[in-house]
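Right, one structure below, let's go through it.
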Amino acid sequence: MGIFSEFRKQNSNFWCYFWKYSQIIILIQLMITYVLVPVLNYLANGITSLGNVKYLSYTNVPYLITKKPLVVIGLIVILLLILLLVFTQFTLLLISFQAIKSKASLSWWDYLKRVSKNVLGLPFKAFGFFLLYFLIITPFGSLGISSTLLNKVKIPQFILDWLLQEHLPLAILLGAIYLIVLYIGLRWLFVLPLMIFENKPIKLALNRSWEMTRGKTLHYLGIFLVLIAVVSIMATVLIGIVIMLQWLIDQAAFLGKIDFTMAVINMTLIQFINIFISIYASGIAVLIMLSHTHTHYFYPKREHRGHKWFWGIMAVVVVISFVTYNVTYFNNWLLEPPVTISHRGVDDGNGIQNTVSAMQATSKEKPDYIEMDIQETKDHQFVVYHDNTLSNLAGINKKPSQMTLDELTSTKIHENGKTAYIASFDDYLAASEKLNQKLLVEFKSVSGNSNNFVKHFAQKYGTRLYQDKDMVHSLSYKYIEQSKEYMPKVKASYILSFNLAGIPITKANAFTMEYTTLNSRFIEGAHLQNKKVYAWTANDEESMDRMIFLGSDGVITDNLSLLNGEIHRLFNKSSYSERMTIYVTQMQDPFN
């Protein structure tokens with residue numbers, strides 16, 4: 001069967017049982033989002049709290065392993081539990097869809113019995129396979145073969161940027177590995193159906209799936225590419241029609257009395273389209289996985305209550321929540337403009353990072369803060385520099401800590417077609433004070449810093465930073481705690497590269513979170529602790545909009561003028577169709 005014939009077959013099957021498939025997807029995702037995820041977060045937070053672990057980061061992994069082994073064991077148990085729950089989620093989806101395809105009249109109790117049988121029959125060694133398997137199918141996450149439980153399995157954007165800009169050969173190697181992973185994912189497409197419906201052990205299921213897909217890798221890749229195209233076209237056309245309708249209403253002066261009402265209605269329609277698109281993508285993806293499954297259920301025919309009251313109440317609740325959100329959104333009651341922060345003091349390559357000249361040029365764009373980096377020199381002074389070595393910008397294979405301040409400030413650096421000298425913090429701070437420009441100073445956590453790095457800095461500059469209303473932040477938890485000890489009045493933010501589990505327990509006033517894994521749950525938790533959240537580093541319109549819609553208190557960016565434009569567009573434009581377009585750019589999968 002050809003690619004298009006196979007897709008048409010699964011598409012026809014989906015529409016034949018659209019409402020039944022939709023119920024399964026919605027109920028499973030509701031259970032995960034509002035029951036399982038909160039419970040797992042509570043367990044992880046409980047384990048770290050009982051173990052007196054104040055934060056989880058790659059920086060304290062050795063400490064956890066050597067000093068807190070019970071915490072590590074507890075977190076590993078939670079990981080195994082997540083894998084088990086992900087398997088349960090996929091099993092329930094596959095069994096339910098196959099039963100619907102077979103026209104079996106099963107109750108939820110029947111589904112749960114089948115799922116329990118499959119879960120309880122798993123050998124312990126299966127967990128290692130599941131970890132590998134679900135990492136392998138991660139490339140298919142945007143097509144429904146994913147789980148909210150594993151939605152943090154992603155590479156942060158700053159790592160991708162670091163690879164592409166500074167380590168291109170390694171980036172190419174990782175790209176090749178990704179393609180290999182994608183290939184293996186396609187070859188293992190039918191492993192779970194074989195395990196569930198034919199009771200095959202893992203090894204036999206792997207071998208059988210490999211045989212079933214032999215010579216057909218491009219065939220199945222083609223089906224998923226068709227799904228991508230169909231979903232993209234469907235979303236673009238349907239949402240485009242609604243936005244165009246709103247645009248026409250906005251342009252018609254005689255419709256001015258109903259433009260707000262129609263905006264709320266049309267936005268609600270877009271939100272339902274988003275849910276529909278997600279259900280469609282998930283449903284087709286599951287049906288593709290079941291394309292070679294022929295199990296039928298021979299349960300006696302019986303009628304089950306449709307629970308129309310349940311779906312009716314849910315529909316009312318969803319509509320009310322959408323309408324309430326949309327009314328507050330269009331009235332600017334929900335969102336506030338974020339603090340704007342220029343990353344390393346540049347705006348779209350207008351100068352060399354962390355230099356006085358770049359800061360002076362960027363300051364003209366009126367950022368709330370200019371973020372910059374400091375390290376300690378050989379003679380225990382402070383230099384404004386980001387990288388661990390001078391090789392990238394100066395072509396010198398030395399660390400800043402191996403040179404004196406005079407040597408460093410006499411060193412030329414090159415970037416963005418410009419040349420400048422490395423700046424001392426004294427000069428950088430003086431220039432910022434002259435411009436009345438507030439700073440966000442990052443304490444770089446590098447091996448060359450002395451043990452008294454923060455204390456020395458606080459003694460020398462703490463009073464001026466407080467008077468200038470500057471802030472500090474750092475990836476080092478120790479540096480932030482020391483900062484609050486030696487400069488209690490200077491606001492400090494703890495930088496997190498990943499949103500792993502819970503809110504760190506710290507004296508910091510805020511968190512600086514890498515935007516890739518930042519979500520509303522973390523922001524809400526931080527706000528409950530009266531701590532702000534700054535997102536870094538959002539450099540395109542879509543990511544900027546998403547950070548604003550999540551409720552970030554500030555956005556750190558390399559493209560300050562673009563961020564200023566997005567804030568102006570979002571908070572000062574009166575066109576409802578424009579506001580709807582902005583909303584669509586940050587709209588996420590409602591089930592992830």
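The chains in the structure tokens are called A, B, ... from first to last as shown; in each chain the residues are counted from 1, and the ligands are counted from 1 in the order shown.
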
From segment 318-467 of chain A, collect each residue whose DSSP state is strand (DSSP E or B) and return the set as a PyMOL selection string. chain A and resi 339-342+369-376+382-384+390+396+412-415+418-421+423-424+439-443

Write out as CSV the residues of segment 516-535 of chain A that have any atom within 12 Å of an atom of segment 39-46 of chain A, one row each with the nearest atom pair and its distance in Å to one decimal, counting only C-alpha atoms, sorted by chain and then rising number.
```
residue,atom,partner,partner_atom,distance
A:Arg521,CA,A:Asn41,CA,10.4
A:Phe522,CA,A:Asn41,CA,10.9
A:Gly525,CA,A:Asn41,CA,11.5
```

Convert the current residue selection to file output with all heavy atoms, as a PDB file, in the first residue's frame.
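For reference, out-v2.pdb as written:
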```pdb
ATOM      1  N   ARG A 521       3.938  26.362  35.278  1.00  0.00           N
ATOM      2  CA  ARG A 521       3.913  25.752  36.609  1.00  0.00           C
ATOM      3  C   ARG A 521       5.091  26.254  37.443  1.00  0.00           C
ATOM      4  O   ARG A 521       4.956  26.547  38.629  1.00  0.00           O
ATOM      5  CB  ARG A 521       3.936  24.228  36.492  1.00  0.00           C
ATOM      6  CG  ARG A 521       3.729  23.506  37.823  1.00  0.00           C
ATOM      7  CD  ARG A 521       3.633  22.001  37.630  1.00  0.00           C
ATOM      8  NE  ARG A 521       2.413  21.643  36.928  1.00  0.00           N
ATOM      9  CZ  ARG A 521       2.382  21.175  35.676  1.00  0.00           C
ATOM     10  NH1 ARG A 521       3.493  21.027  34.996  1.00  0.00           N
ATOM     11  NH2 ARG A 521       1.240  20.866  35.103  1.00  0.00           N
ATOM     12  N   PHE A 522       6.271  26.355  36.823  1.00  0.00           N
ATOM     13  CA  PHE A 522       7.446  26.857  37.551  1.00  0.00           C
ATOM     14  C   PHE A 522       7.242  28.326  37.919  1.00  0.00           C
ATOM     15  O   PHE A 522       7.541  28.746  39.051  1.00  0.00           O
ATOM     16  CB  PHE A 522       8.709  26.702  36.701  1.00  0.00           C
ATOM     17  CG  PHE A 522       9.960  27.156  37.397  1.00  0.00           C
ATOM     18  CD1 PHE A 522      10.718  26.260  38.134  1.00  0.00           C
ATOM     19  CD2 PHE A 522      10.368  28.481  37.345  1.00  0.00           C
ATOM     20  CE1 PHE A 522      11.869  26.679  38.800  1.00  0.00           C
ATOM     21  CE2 PHE A 522      11.511  28.911  38.002  1.00  0.00           C
ATOM     22  CZ  PHE A 522      12.266  28.005  38.728  1.00  0.00           C
ATOM     23  N   GLY A 525       4.797  28.688  40.744  1.00  0.00           N
ATOM     24  CA  GLY A 525       5.411  28.268  42.000  1.00  0.00           C
ATOM     25  C   GLY A 525       6.377  29.302  42.539  1.00  0.00           C
ATOM     26  O   GLY A 525       6.429  29.563  43.750  1.00  0.00           O
TER      27      GLY A 525
END
```

Please report as JSON lines every residue of segment 393-427 of chain A lying within 10 Å of segment 435-448 of chain A, along with the nearest atom pair and their distance in Å (one decimal), using only C-alpha atoms.
```
{"residue": "A:Lys399", "atom": "CA", "partner": "A:Gly448", "partner_atom": "CA", "distance": 7.6}
{"residue": "A:Pro400", "atom": "CA", "partner": "A:Gly448", "partner_atom": "CA", "distance": 7.7}
{"residue": "A:Ser401", "atom": "CA", "partner": "A:Gly448", "partner_atom": "CA", "distance": 5.0}
{"residue": "A:Gln402", "atom": "CA", "partner": "A:Gly448", "partner_atom": "CA", "distance": 7.7}
{"residue": "A:Phe425", "atom": "CA", "partner": "A:Val441", "partner_atom": "CA", "distance": 9.9}
```

Please provide as a PyMOL selection string all residues within 10 Å of Leu245 of chain A, with the sequence filter that same-chain residues fewer than 5 positions apart are discarded (counting only C-alpha atoms). chain A and resi 239-240+250+262-263+266+577

Could you please take those selected residues and save all heavy atoms as a PDB file, in the first residue's frame?
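Once written, result21.pdb looks like this:
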```pdb
ATOM      1  N   ILE A 239      -7.268  28.418  11.094  1.00  0.00           N
ATOM      2  CA  ILE A 239      -6.977  29.583  11.936  1.00  0.00           C
ATOM      3  C   ILE A 239      -6.897  30.847  11.092  1.00  0.00           C
ATOM      4  O   ILE A 239      -7.344  31.928  11.507  1.00  0.00           O
ATOM      5  CB  ILE A 239      -5.681  29.351  12.728  1.00  0.00           C
ATOM      6  CG1 ILE A 239      -5.882  28.216  13.742  1.00  0.00           C
ATOM      7  CG2 ILE A 239      -5.241  30.629  13.445  1.00  0.00           C
ATOM      8  CD1 ILE A 239      -4.639  27.833  14.488  1.00  0.00           C
ATOM      9  N   GLY A 240      -6.346  30.720   9.874  1.00  0.00           N
ATOM     10  CA  GLY A 240      -6.263  31.877   8.982  1.00  0.00           C
ATOM     11  C   GLY A 240      -7.629  32.434   8.625  1.00  0.00           C
ATOM     12  O   GLY A 240      -7.810  33.657   8.558  1.00  0.00           O
ATOM     13  N   ASP A 250     -12.631  44.136  12.227  1.00  0.00           N
ATOM     14  CA  ASP A 250     -11.861  45.273  12.742  1.00  0.00           C
ATOM     15  C   ASP A 250     -11.886  46.452  11.768  1.00  0.00           C
ATOM     16  O   ASP A 250     -11.890  47.618  12.189  1.00  0.00           O
ATOM     17  CB  ASP A 250     -10.407  44.860  12.989  1.00  0.00           C
ATOM     18  CG  ASP A 250     -10.261  43.896  14.157  1.00  0.00           C
ATOM     19  OD1 ASP A 250     -11.206  43.808  14.967  1.00  0.00           O
ATOM     20  OD2 ASP A 250      -9.210  43.228  14.248  1.00  0.00           O
ATOM     21  N   MET A 262     -16.979  39.688  19.086  1.00  0.00           N
ATOM     22  CA  MET A 262     -16.557  38.750  18.030  1.00  0.00           C
ATOM     23  C   MET A 262     -15.111  38.308  18.235  1.00  0.00           C
ATOM     24  O   MET A 262     -14.762  37.170  17.914  1.00  0.00           O
ATOM     25  CB  MET A 262     -16.724  39.412  16.660  1.00  0.00           C
ATOM     26  CG  MET A 262     -18.173  39.615  16.236  1.00  0.00           C
ATOM     27  SD  MET A 262     -19.118  38.046  16.256  1.00  0.00           S
ATOM     28  CE  MET A 262     -18.161  37.038  15.098  1.00  0.00           C
ATOM     29  N   ALA A 263     -14.272  39.193  18.776  1.00  0.00           N
ATOM     30  CA  ALA A 263     -12.885  38.804  19.049  1.00  0.00           C
ATOM     31  C   ALA A 263     -12.831  37.685  20.077  1.00  0.00           C
ATOM     32  O   ALA A 263     -12.068  36.712  19.932  1.00  0.00           O
ATOM     33  CB  ALA A 263     -12.079  40.013  19.527  1.00  0.00           C
ATOM     34  N   ASN A 266     -14.171  34.502  18.345  1.00  0.00           N
ATOM     35  CA  ASN A 266     -13.209  33.968  17.376  1.00  0.00           C
ATOM     36  C   ASN A 266     -11.977  33.395  18.061  1.00  0.00           C
ATOM     37  O   ASN A 266     -11.420  32.381  17.614  1.00  0.00           O
ATOM     38  CB  ASN A 266     -12.809  35.057  16.384  1.00  0.00           C
ATOM     39  CG  ASN A 266     -13.900  35.358  15.380  1.00  0.00           C
ATOM     40  OD1 ASN A 266     -14.686  34.476  15.031  1.00  0.00           O
ATOM     41  ND2 ASN A 266     -13.981  36.599  14.920  1.00  0.00           N
ATOM     42  N   SER A 577      -7.430  41.434  15.595  1.00  0.00           N
ATOM     43  CA  SER A 577      -6.863  40.398  14.722  1.00  0.00           C
ATOM     44  C   SER A 577      -5.359  40.291  14.919  1.00  0.00           C
ATOM     45  O   SER A 577      -4.782  39.192  14.875  1.00  0.00           O
ATOM     46  CB  SER A 577      -7.183  40.701  13.254  1.00  0.00           C
ATOM     47  OG  SER A 577      -6.700  41.977  12.881  1.00  0.00           O
TER      48      SER A 577
END
```

Per-residue DSSP, segment 240-423 of chain A, filtered to alpha helix (DSSP H), as a VMD selection string: chain A and resid 240 to 251 259 to 289 308 to 330 356 to 363 391 to 394 405 to 409

Name the closest residue to Ser520 of chain A among the candidates A:Phe549, A:Tyr34, A:Phe498, A:Tyr63; distances are taken between atoms, counting only C-alpha atoms.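 Closest candidate: A:Phe549.
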
With only C-alpha atoms as the atoms that count, which of A:Leu496, A:Arg546, A:Lys531, A:Tyr280 lies nearest to Glu514 of chain A?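 Going through A:Leu496, A:Arg546, A:Lys531, A:Tyr280 one by one, the smallest distance to Glu514 of chain A is for A:Leu496.
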
Using only C-alpha atoms, the shortest atom-to-atom distance to Glu198 of chain A among A:His294, A:Phe453, A:Trp19, A:Ile265 belongs to A:His294

When you count only C-alpha atoms, which of these residues is closest to Ile100 of chain A: A:Ile24, A:Ala394, A:Met587, A:Ile177? A:Ile24

Applying 12 Å and only C-alpha atoms, which residues near Val264 of chain A remain after dropping the ones on its own chain fewer than 5 positions away? List them as a list in words. Val242, Ile243, Gln246, Ile258, Asp259, Leu269, Ile270, Gln271, Val319, Ile320, Ser321, Phe322, Val323, Thr324, Tyr325, Asn326, Val327, Thr328, Tyr329, Phe330, Asn331, Tyr576, Ser577, Arg579 and Met580 of chain A

What lies within 9 Å of His292 of chain A using only C-alpha atoms, ignoring chain neighbours under 4 positions off, as an mmCIF file with all heavy atoms, in the first residue's frame?
```
data_model
loop_
_atom_site.group_PDB
_atom_site.id
_atom_site.type_symbol
_atom_site.label_atom_id
_atom_site.label_comp_id
_atom_site.auth_asym_id
_atom_site.auth_seq_id
_atom_site.Cartn_x
_atom_site.Cartn_y
_atom_site.Cartn_z
ATOM 1 N N PHE A 190 6.776 -0.494 15.736
ATOM 2 C CA PHE A 190 5.731 -1.458 16.107
ATOM 3 C C PHE A 190 6.091 -2.302 17.333
ATOM 4 O O PHE A 190 5.433 -3.304 17.608
ATOM 5 C CB PHE A 190 5.433 -2.388 14.919
ATOM 6 C CG PHE A 190 5.027 -1.641 13.681
ATOM 7 C CD1 PHE A 190 5.865 -1.605 12.576
ATOM 8 C CD2 PHE A 190 3.836 -0.956 13.634
ATOM 9 C CE1 PHE A 190 5.498 -0.910 11.432
ATOM 10 C CE2 PHE A 190 3.460 -0.251 12.498
ATOM 11 C CZ PHE A 190 4.295 -0.230 11.401
ATOM 12 N N PRO A 193 3.054 -2.222 20.061
ATOM 13 C CA PRO A 193 1.906 -3.052 19.667
ATOM 14 C C PRO A 193 2.205 -4.544 19.712
ATOM 15 O O PRO A 193 1.351 -5.349 20.104
ATOM 16 C CB PRO A 193 1.624 -2.587 18.234
ATOM 17 C CG PRO A 193 2.108 -1.184 18.196
ATOM 18 C CD PRO A 193 3.325 -1.171 19.071
ATOM 19 N N MET A 212 9.540 -6.129 10.113
ATOM 20 C CA MET A 212 8.334 -5.552 9.513
ATOM 21 C C MET A 212 8.627 -4.249 8.768
ATOM 22 O O MET A 212 7.920 -3.903 7.807
ATOM 23 C CB MET A 212 7.282 -5.295 10.602
ATOM 24 C CG MET A 212 6.708 -6.553 11.221
ATOM 25 S SD MET A 212 5.721 -6.215 12.704
ATOM 26 C CE MET A 212 4.369 -5.259 11.994
ATOM 27 N N ILE A 288 -1.339 4.873 12.960
ATOM 28 C CA ILE A 288 -0.207 4.409 12.146
ATOM 29 C C ILE A 288 0.542 3.306 12.883
ATOM 30 O O ILE A 288 0.939 2.295 12.290
ATOM 31 C CB ILE A 288 0.737 5.587 11.822
ATOM 32 C CG1 ILE A 288 0.051 6.566 10.862
ATOM 33 C CG2 ILE A 288 2.044 5.080 11.208
ATOM 34 C CD1 ILE A 288 0.819 7.858 10.650
#
```
